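Participant: The structure's right below; bear with me while I get my questions together.
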Amino acid sequence: MVVVVCKVCVVPYSGHYGAKTGDKLGTNITGKSYMIMLLDSPKTLLAFILCEFVGEDGNEKFWQFVDTSVRSYYNLIIKKAGQFLTDLQVHLLKFALALRSYSPAVHASQQIASDEPPPEACPAFVSIHGQHSCSTKDIKKPKPYLYKNDHTYPGVNNTDVPVVILYAEIGTRKFTSFHKVLSEKAQEGKLTYVLRHFVADPKPHKMLLSGYSVELAIKSTEYKAVDDTKVKVLNTEDDDNDVQGFHFGTLKKFHPELQEKLVELRKYLLDSTNVMAPLKVWEMQDLSFQAAATIMSVPKFDALKLMRDLSQNFPSKHLSETIGVHPGDGELFINGLHIDLDFHNAFSILDILRGEARVLEGLHNLGIKGEHQGKLLRLPVNAVDNSYALDIRHQAIMWINDIENDPMYRSWPTGVQELLRATFPGVIRQIRRNFFNLVLFLDPVQEESVELVKLAELFYKHKIPLRIGFVFVVDTKDEIDGFSDAGVGFYRLLNYIADEYDLSQALMSMVSMYNKVGVGESLSVDTLSTYLKMKFPKANAERILGVESEYDYNRKDGSLFYKKSGLGALPLALFNGVPLSPDEMDPDELETIILQRIMDTTNAFQRAVYMGQLNEGSDVVDYLMDQANVVPRMNPLVLNTDRKYLDFTSKPGDLFVNDWEDTTMFSFLDARDKTAVVAKRMKYFTNYGDTVTIWIAGDLETVSGRNLLLNALKHMQKASPGVRVGVMDNPGGKPREDNTVLYRAIWASFLTQKNKATVEFVQKLLREESSQLLQCIFGKIGGMLFNTLEVDFIRSQQLFSRDVMKLRPGDRAVISNGRILGPFEEHEEFTVEDFHLLEKITQGGSAEKVKAKVKEMEMNASDLVMKVDALLSAAPKGEVRRDVHFIKDSHSVLQLSPRENEVFYDVVAIVDPLTREAQKMSSLLIVLSQVVNVRLQVFMNCRAKLSDMPLKSFYRFVLESDVGFLANDTVSPGPVARFMELPESLLLTLNMITPESWMVQSVRSPHDLDNIHLQEVNGIVAAEYELEHLLLEGHCFDLSTGQPPRGLQFTLGTSRDPLMYDTIVMANLGYFQLKANPGAWILRLRKGRSEDIYQVVTHDGTESPADAGDVIVVLNSFHSKIIKVRVQKNAEKINEDLLSETSESKGIWDSIASLTGGGSKKDEGEKKKEDVLNIFSVASGHLYERFLRIMMLSVLRHTKIPVKFWFLKNYLSPSFKVLPNPKFAVDPLRLLPMFCSLPQIVRADLKELKDLDLEGAPYGYTPFCDSRREMEGYRFWKSGYWASHLGHRRYHISALYVVDLKKFRKIAAGDRLRGQYQALSQDPNSLSNLDQDLPNNMIHQVAIKSLPQEWLWCETWCDDTSKVTAKTIDLCNNPKTKEPKLTAAARIVPEWVEYDNEIKQLLRRVQEQGDAATEKQTPSPSQQEKG
């Protein structure tokens, strides 16, 4: 039968919840994926996943859904979700449910709950500061740790209230009772309420995963490597599918008397359909074009399915400009975003679709559709910059030198092209241009100023191409005496020296003065007076330092510049205008930092010169200060990279707009609708423009509230046209007539006066504090209107401030094109200069570009610029979107139009239909078109003149667009990969192509999945795979050296079980890797030398604060989790070597021993430790597993000491893993492993090899034999590359080798080999036999001890006479005869047949015992019905 099925699953486990993932993938050479959901039912799981999906759109929606969600069937849940999601989001939700995308998040909550642990007999429980209860009694304890993705109820934000964590199953009675009490108390501000998913009594249910691929690759049959052992197959035929139009299941049902003939007919049809004749070269040349022509010839809606069929089944389907891709390349673009299918998987693409949905729906709701939508999406919105620079073209800066004009630099070249001249690495180019500028802000009296001035003088004296300037911040009082204030005296004396002599002399004098200041002291008036008398005895001290000093000019400029700049505490420095952080201001480090900045900035200047942005006529300083990151003032609130925006994308109808006056109705609106109503009803002060819209929120009855609005209006009048200002009231108490007088007066002015008069009136009103004047004004204008204004609309404004902007009554905030700044601190001032900065940042982002596009659309720009700018600015900043279009698209582009008047995604695919990209992309595009509305263009990018088969594998991408249901309305287990009607003559090998973070292995299949020969199979080849773990990856560096701490060990666990997994840091990029499951984990340094020598300093990508000792990592998705850890040696261990030979670390081998039940115990310390032989081997496929068992038996027959075998689990077949595994002891101090290749038979005690002296080499290999002369022409190592590379050394065979692990680790042999492998593996043709070629290639860097020849005999290369002394016999491939392995084994090794028969008898007994146990456990039909 020509069917193969494949699937992936999870195995339930006992013990700690999080110890195993167990999700399964399945293949029927059909492929499918199972996932064990440790929940009580699929319906519960759907509710949990739906919560997580809705929560991604905002905390508010999560809680709205929780409040109304019921435990229901799928369609009812989807209907409920539709109350909070748009139609597009509901389609994406179905896709997410089909992918089980949020299952890890649900598992993570369950694992966190199990680590508490839960109280007994509680279906739901609360954790109140670490204490657990089935009731809500308040318990005072330290606050628990909350994770970034926790769901916190949106109540009053109080930090001093108890934190209550509810662990419950949504929809149960217990949850409802808890939720009602906790949500009410959270709204009252009495507690912080957090919800985590939890099922008290989880029951394992297998649910199939998707989002992975299955490949059946055509395998070479040059050397026969198929096991001849027959496997037991339960299912013989699959008649559910038709063959060439015949449905044999139905035919057999109606004609049982024709069973045999129908079987013969079916086999004949299959064989005739799938005959594969080899193609001639001329037939291959245009295969790609033939495939494209066939796809383009069918109806559009069938074209994608045909492309999928052609690309995924190609081996049996023989067929009689502008964006920088080459013929045959495959590219995918979604809304102009490049989707790299080597990097992205179904889960990351779902995230992209969700992110795009927010922007697309927003633009659609704002009335922007069609081509205009694409133009706005592709606008180059500036990413938020975290390295803003201050403009240094200011008169307050005292420049000590000028590279361009000072005589001391006249010998330097002046051309900017000198930057492109080649120099040695690390050399600073000396060019007569002010490329590099250092400005120091100093208080001369501060102790820290001393070393900074000395450092500046050092740069100057050594002619570093650095322009140095000072800004001295001193007392600004007019009547000040230099004889009483050292700072002022220092400034006047410096001016005197600069005027009478020059600036360089002034710098030298500064250093001289500071040299007279003792350590730990500061500059004093006495020091100044003494220096003045000594250096300038004829100078008039009173004229220089006194009150009427002639050298006091510009003294206030420095302080004014410093104040207006908004910079932090003194001293500080600017490099090319960019402030250095306080940590960088350490004088001991500053020199290195400045020199490194010079090197880094040189690269940017080189690019600018090369691109023509900087030329010989450019003023370099002007060029620097004209960059987009240069601002007039530093305000962290404005320049902060963590920005929040209002959502203006709702479309409130006319009914909602009037809700402004009805506070009760307004309170029922969600955040988007509230924002839309406020935006619709807002009144503006304007200077006849609409690029930047500023809203002011505050209590106008307070001085700070009035000043905030006044500063905004001052800025508006000074700014260029394009700014408008709106104001809303946020009174400190409940709005009443007596505390809203001023705001109602302003509103009355809006309603009765023109813009100019309103601005003048309000400014005057804000300046006057006389209530009598206010009443007088009201008597003259709009008094009647003012008196009739109710305060209800002000209550709505206060409600908006609280619910949407998260302000407390009386708080102040500024909103600029939807971006929220605030709340401000009580005494925090937002000045006119801050408004100037805010306008610059807003316009520089996307406001100007949006306004230009809106004008092109000829749409009303009054509010649209603000709304679109907020929408685009709030969207995550990714790569640049590309405008992909085709000049000629009539014959080679497949185009599918989107449904009209709906949000659509613009999808462009460029593909050769006969490539791996097409295999994956075709299925993805079909599912994509089912999930969302798409405008699809597929460009056939064919390769010409093919000389080889373009595809050599059958392929299935397991992905579905929605959750499936069975005929009885129960949830379908999930998708499978199914291969039908395959050619029976081919030898195939099954490969699982999964996301990088998945650890998958086969768990059930009687067949040899490495060698599938369908001619020898009667029935379906079915396979089941398990998603066993998710990977946690990371990089670790020593903060002091910047290098990876090679050999450092980490452990991963929970608070209850801190050591569940462990790993070691590699020298290559400091990489480490740990397996884990969804949940919250604690990463620690392993106890022992790692913890003694090192400490964790900082970490990124984790859940815990960067400086926390315990590194908490949460795995809650199928995405790769990559963290960065920085460590540092403890002060007392600074000279210790982690891998020193005197104190070898036991850590990682101790853990391996503990996992296998071995390892030495403390109470056995005095006993003599037993020698253990550790043998490592790799086997893939039933034949090599058969050889593996024989090798193991031969080792055990001849070796007198205990032996432990190590295998790579994921390469072994399920049938091999079911055998009982004995446990062996491991002594990590004496661990000397060896590798035995297959097929190999051992005839000696391998302890001899273990005890062999390797003479300082980390490993020993046996050289290839030279004695069989007839094979001389096949010895590739005696000519070409290998002959020249090896020189006098011999080429070694990798079939058997021994490793000294202590030496191996000490010299970092593994890291060296890994680095070389990384370099060589970029070229697939570089090393043909990697496990053997790599150590021979590295023989000059990592020495090899040549083992005696008798340790490995191989008939292919060794003569018959040497066989007598052979200690191991390896069945090497013979390139001359190509004799099958099984035939060679029986002929060459007499004892092989004996070993083989003995093992077969053992396997037969194991199988019989297993069958007997299964029969006892299998319930009767009546029992099954009861169950």
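Ordering of the structure tokens sets the chain letters (A, B, ...), residue numbers begin anew at 1 in every chain, and ligands are numbered from 1 in the order given.
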Considering only C-alpha atoms, return as a PyMOL selection string whatever protein or nucleic-acid residues lie within 12 Å of Val934 of chain A, sequence-local ones (same chain, fewer than 5 positions apart) excluded.

Facilitator: chain A and resi 88+333-335+353+360+895-900+902-908+925-929

Participant: Deliver the residues from the most recent selection as a file, using C-alpha atoms, as a JSON list (two decimals), in the first residue's frame.

Facilitator:
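So the final result, stored in out-v2.json, reads:
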```
[["chain", "number", "residue", "atom", "x", "y", "z"],
["A", 88, "LEU", "CA", -10.61, 40.02, 10.91],
["A", 333, "PHE", "CA", 6.11, 39.74, 1.09],
["A", 334, "ILE", "CA", 3.13, 40.61, 3.30],
["A", 335, "ASN", "CA", 2.21, 44.30, 3.05],
["A", 353, "LEU", "CA", -0.76, 39.01, 10.73],
["A", 360, "LEU", "CA", -4.95, 47.74, 8.51],
["A", 895, "GLN", "CA", -3.32, 37.47, -9.46],
["A", 896, "LEU", "CA", -6.18, 36.92, -7.00],
["A", 897, "SER", "CA", -8.32, 39.94, -6.12],
["A", 898, "PRO", "CA", -9.54, 40.57, -2.54],
["A", 899, "ARG", "CA", -13.15, 40.78, -1.45],
["A", 900, "GLU", "CA", -14.38, 44.35, -1.83],
["A", 902, "GLU", "CA", -13.09, 44.57, 3.50],
["A", 903, "VAL", "CA", -9.70, 44.88, 5.12],
["A", 904, "PHE", "CA", -7.17, 43.00, 2.99],
["A", 905, "TYR", "CA", -3.51, 42.01, 3.15],
["A", 906, "ASP", "CA", -1.29, 42.68, 0.15],
["A", 907, "VAL", "CA", 0.64, 39.43, -0.42],
["A", 908, "VAL", "CA", 3.32, 39.03, -3.08],
["A", 925, "LEU", "CA", -0.57, 30.84, 0.68],
["A", 926, "ILE", "CA", -3.61, 28.54, 0.54],
["A", 927, "VAL", "CA", -4.10, 28.72, 4.32],
["A", 928, "LEU", "CA", -3.39, 32.46, 4.31],
["A", 929, "SER", "CA", -6.12, 33.05, 1.74]]
```

Participant: Using only C-alpha atoms, which residues sit within 8 Å of Ile1082 of chain A once same-chain residues fewer than 5 positions away are excluded, as a ChimeraX atom specification?

Facilitator: /A:1052-1055,1058,1110-1113

Participant: Excluding same-chain residues fewer than 2 positions from Tyr1281 of chain A, what lies within 12 Å of it counting only C-alpha atoms, as a PyMOL selection string?

Facilitator: chain A and resi 1276-1279+1283-1287+1291+1326-1327+1333+1336-1337

Participant: Hey, can you check how far atom CA of Glu521 of chain A sits from atom CA of Arg543 of chain A?

Facilitator: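 Straight-line distance from atom CA of Glu521 of chain A to atom CA of Arg543 of chain A works out to 27.5 Å.
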
Participant: For Asp1253 of chain A, which residue among A:Val1299, A:Leu523, A:Val963, A:Val931 is the nearest when counting only C-alpha atoms?

Facilitator: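 Checking each of A:Val1299, A:Leu523, A:Val963, A:Val931 against Asp1253 of chain A, counting only C-alpha atoms, the winner is A:Val1299.
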
Participant: Taking 4 positions as the minimum chain separation for residues in the same chain, which residues sit within 9 Å of segment 838-847 of chain A when counting only C-alpha atoms? Answer as a PyMOL selection string.

Facilitator: chain A and resi 379-384+628-629+631-632+638-639+691-692+694+719+723+816-817+819+833-834+851-852+865-866+868-870+872-873

Participant: Could you save those same residues with N, CA and C atoms as an mmCIF file, in the first residue's frame?

Facilitator:
```
data_model
loop_
_atom_site.group_PDB
_atom_site.id
_atom_site.type_symbol
_atom_site.label_atom_id
_atom_site.label_comp_id
_atom_site.auth_asym_id
_atom_site.auth_seq_id
_atom_site.Cartn_x
_atom_site.Cartn_y
_atom_site.Cartn_z
ATOM 1 N N LEU A 379 5.200 54.378 4.414
ATOM 2 C CA LEU A 379 5.864 55.617 4.832
ATOM 3 C C LEU A 379 7.059 55.283 5.722
ATOM 4 N N PRO A 380 8.194 55.918 5.501
ATOM 5 C CA PRO A 380 9.378 55.637 6.342
ATOM 6 C C PRO A 380 9.256 56.310 7.704
ATOM 7 N N VAL A 381 8.465 55.708 8.593
ATOM 8 C CA VAL A 381 8.301 56.258 9.942
ATOM 9 C C VAL A 381 9.618 56.068 10.690
ATOM 10 N N ASN A 382 10.160 57.176 11.205
ATOM 11 C CA ASN A 382 11.446 57.087 11.901
ATOM 12 C C ASN A 382 11.318 56.252 13.163
ATOM 13 N N ALA A 383 12.214 55.291 13.307
ATOM 14 C CA ALA A 383 12.237 54.488 14.527
ATOM 15 C C ALA A 383 12.637 55.377 15.698
ATOM 16 N N VAL A 384 12.149 55.018 16.877
ATOM 17 C CA VAL A 384 12.474 55.792 18.077
ATOM 18 C C VAL A 384 13.970 55.695 18.337
ATOM 19 N N ALA A 628 18.789 64.025 12.121
ATOM 20 C CA ALA A 628 17.433 63.922 12.685
ATOM 21 C C ALA A 628 17.431 63.729 14.196
ATOM 22 N N ASN A 629 18.533 63.208 14.748
ATOM 23 C CA ASN A 629 18.549 62.937 16.190
ATOM 24 C C ASN A 629 18.983 64.134 17.029
ATOM 25 N N VAL A 631 18.424 67.555 18.879
ATOM 26 C CA VAL A 631 17.264 68.236 19.455
ATOM 27 C C VAL A 631 17.743 69.484 20.208
ATOM 28 N N PRO A 632 16.838 70.463 20.402
ATOM 29 C CA PRO A 632 17.250 71.698 21.088
ATOM 30 C C PRO A 632 17.319 71.542 22.601
ATOM 31 N N VAL A 638 10.034 63.474 27.038
ATOM 32 C CA VAL A 638 9.731 63.616 25.610
ATOM 33 C C VAL A 638 10.523 62.609 24.780
ATOM 34 N N LEU A 639 11.781 62.392 25.164
ATOM 35 C CA LEU A 639 12.671 61.544 24.364
ATOM 36 C C LEU A 639 12.611 60.076 24.761
ATOM 37 N N THR A 691 -0.636 69.879 11.502
ATOM 38 C CA THR A 691 0.363 68.797 11.491
ATOM 39 C C THR A 691 0.516 68.189 12.867
ATOM 40 N N VAL A 692 0.564 69.061 13.889
ATOM 41 C CA VAL A 692 0.732 68.586 15.263
ATOM 42 C C VAL A 692 -0.466 69.042 16.088
ATOM 43 N N ILE A 694 -1.967 69.082 19.861
ATOM 44 C CA ILE A 694 -1.587 68.925 21.269
ATOM 45 C C ILE A 694 -2.837 69.051 22.131
ATOM 46 N N ALA A 719 5.450 78.979 17.228
ATOM 47 C CA ALA A 719 5.762 77.894 16.290
ATOM 48 C C ALA A 719 5.325 78.266 14.888
ATOM 49 N N VAL A 723 0.373 73.889 14.205
ATOM 50 C CA VAL A 723 0.143 73.417 15.574
ATOM 51 C C VAL A 723 -1.231 73.878 16.028
ATOM 52 N N SER A 816 0.382 64.531 22.367
ATOM 53 C CA SER A 816 0.834 65.101 21.093
ATOM 54 C C SER A 816 0.589 64.087 19.986
ATOM 55 N N ASN A 817 -0.330 64.392 19.079
ATOM 56 C CA ASN A 817 -0.740 63.455 18.019
ATOM 57 C C ASN A 817 -0.976 62.060 18.587
ATOM 58 N N ARG A 819 0.163 60.705 21.317
ATOM 59 C CA ARG A 819 1.169 60.196 22.245
ATOM 60 C C ARG A 819 0.968 60.813 23.621
ATOM 61 N N GLU A 833 10.077 75.537 26.006
ATOM 62 C CA GLU A 833 11.144 74.821 25.282
ATOM 63 C C GLU A 833 10.805 73.329 25.144
ATOM 64 N N ASP A 834 10.148 72.781 26.149
ATOM 65 C CA ASP A 834 9.737 71.376 26.062
ATOM 66 C C ASP A 834 8.684 71.182 24.972
ATOM 67 N N LYS A 851 0.967 64.013 6.688
ATOM 68 C CA LYS A 851 0.231 65.174 6.182
ATOM 69 C C LYS A 851 0.366 65.287 4.661
ATOM 70 N N ALA A 852 1.583 65.037 4.149
ATOM 71 C CA ALA A 852 1.796 65.111 2.698
ATOM 72 C C ALA A 852 0.948 64.070 1.970
ATOM 73 N N VAL A 865 -4.645 63.605 10.170
ATOM 74 C CA VAL A 865 -3.198 63.557 10.377
ATOM 75 C C VAL A 865 -2.898 63.066 11.790
ATOM 76 N N MET A 866 -3.599 63.624 12.764
ATOM 77 C CA MET A 866 -3.399 63.200 14.151
ATOM 78 C C MET A 866 -3.686 61.711 14.319
ATOM 79 N N VAL A 868 -3.907 59.179 12.021
ATOM 80 C CA VAL A 868 -3.026 58.279 11.268
ATOM 81 C C VAL A 868 -1.627 58.288 11.874
ATOM 82 N N ASP A 869 -1.155 59.464 12.284
ATOM 83 C CA ASP A 869 0.171 59.545 12.901
ATOM 84 C C ASP A 869 0.218 58.702 14.172
ATOM 85 N N ALA A 870 -0.816 58.783 15.001
ATOM 86 C CA ALA A 870 -0.861 57.976 16.228
ATOM 87 C C ALA A 870 -0.868 56.491 15.898
ATOM 88 N N LEU A 872 0.261 54.889 13.096
ATOM 89 C CA LEU A 872 1.529 54.420 12.530
ATOM 90 C C LEU A 872 2.652 54.467 13.557
ATOM 91 N N SER A 873 2.653 55.496 14.410
ATOM 92 C CA SER A 873 3.717 55.623 15.411
ATOM 93 C C SER A 873 3.607 54.549 16.484
#
```

Participant: Between A:Leu1031, A:Leu1074, A:Leu1014, A:Ala108, which is the closest to Met999 of chain A once you count only C-alpha atoms?

Facilitator: A:Leu1031

Participant: Record the distance separating atom CA of Thr192 of chain A and atom CA of Pro123 of chain A, expressed in Å with one decimal.

Facilitator: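 Atom CA of Thr192 of chain A sits 21.5 Å away from atom CA of Pro123 of chain A.
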
Participant: Give me, please, the distance in Å between atom CA of Asn1174 of chain A and atom CA of Phe1304 of chain A, quoted to one decimal.

Facilitator: 15.5 Å
